[in-house]
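Student: First the structure, then my questions, so here it is.
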Amino acid sequence: MNFKSMEEFWPFYMKQHSKPATRRWHFAGTLSSILCLIYAVLFNWWFVFLVPLVGYGMAWYSHFYVEGRKHSCDFWSSSLVPFVRLQDVWVNAHRSDG
């Protein structure tokens, strides 16, 4: 698939992340990656190598075992743009207005 814009890619991306458990694994992977990066900067720079392993590892786990298919790799799915947008969707879906 060759998507030319984020707007063209977004519906496909949402279909690939349709299950709430997939989105939770992605969120956990991102949070873990951020924590590894902070730890690397503050204490031990070798932990910087864990950042992509932890983040992508949890995301790929969710695609294989939760969604039951392989992760799609292309420009848009490898960038942070759809991921940040997905986190916004996830957070807003769990926000209480009461």
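The chains in the structure tokens are called A, B, ... from first to last as shown; in each chain the residues are counted from 1, and the ligands are counted from 1 in the order shown.
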Could you list, as a compact mmCIF listing (two decimals) with N, CA and C atoms, in the first residue's frame, every residue within 9 Å of stretch 52-57 of chain A, counting only C-alpha atoms and ignoring same-chain residues fewer than 2 positions away?
Tutor:
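Saved file part14.txt follows:
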# COMPACT_ATOMS: atom_id res chain seq x y z
N HIS A 26 0.41 -0.50 22.78
CA HIS A 26 1.15 0.60 22.16
C HIS A 26 1.44 1.70 23.18
N PHE A 27 0.45 2.03 23.98
CA PHE A 27 0.63 3.06 25.00
C PHE A 27 1.69 2.63 26.02
N ALA A 28 1.61 1.38 26.46
CA ALA A 28 2.59 0.85 27.42
C ALA A 28 3.99 0.84 26.82
N GLY A 29 4.09 0.48 25.55
CA GLY A 29 5.40 0.48 24.88
C GLY A 29 5.99 1.87 24.78
N THR A 30 5.16 2.83 24.46
CA THR A 30 5.64 4.21 24.36
C THR A 30 6.06 4.74 25.72
N LEU A 31 5.25 4.51 26.73
CA LEU A 31 5.60 4.97 28.07
C LEU A 31 6.90 4.31 28.54
N SER A 32 7.05 3.02 28.29
CA SER A 32 8.28 2.32 28.67
C SER A 32 9.49 2.86 27.92
N SER A 33 9.31 3.17 26.65
CA SER A 33 10.41 3.74 25.87
C SER A 33 10.82 5.10 26.40
N ILE A 34 9.85 5.91 26.76
CA ILE A 34 10.15 7.24 27.32
C ILE A 34 10.90 7.09 28.64
N CYS A 36 12.78 4.54 29.56
CA CYS A 36 14.13 4.06 29.24
C CYS A 36 15.01 5.21 28.75
N VAL A 48 19.79 3.63 26.14
CA VAL A 48 19.21 4.22 24.94
C VAL A 48 18.93 3.14 23.88
N PHE A 49 19.69 2.05 23.93
CA PHE A 49 19.48 0.96 22.98
C PHE A 49 18.18 0.20 23.25
N LEU A 50 17.67 0.31 24.46
CA LEU A 50 16.40 -0.35 24.79
C LEU A 50 15.19 0.41 24.30
N ALA A 59 4.62 -3.10 20.69
CA ALA A 59 3.70 -2.83 19.58
C ALA A 59 3.57 -4.05 18.67
N TRP A 60 4.70 -4.65 18.33
CA TRP A 60 4.65 -5.82 17.46
C TRP A 60 3.99 -7.00 18.15
N TYR A 61 4.22 -7.16 19.45
CA TYR A 61 3.53 -8.20 20.20
C TYR A 61 2.02 -8.05 20.03
N SER A 62 1.55 -6.81 20.17
CA SER A 62 0.10 -6.59 20.08
C SER A 62 -0.42 -6.90 18.68
Student: I'd like to know which residues of stretch 10-70 of chain A are alpha helix (DSSP H) (by DSSP, run on the backbone); could you write them as an MDAnalysis selection string?
Tutor: chainID A and resid 10:16 20:42 50:61
Student: Report the distance between atom CA of A:Met58 and atom CA of A:Tyr13 in Å, rounded to one decimal place.
Tutor: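 Computed distance, atom CA of A:Met58 to atom CA of A:Tyr13, equals 16.9 Å.
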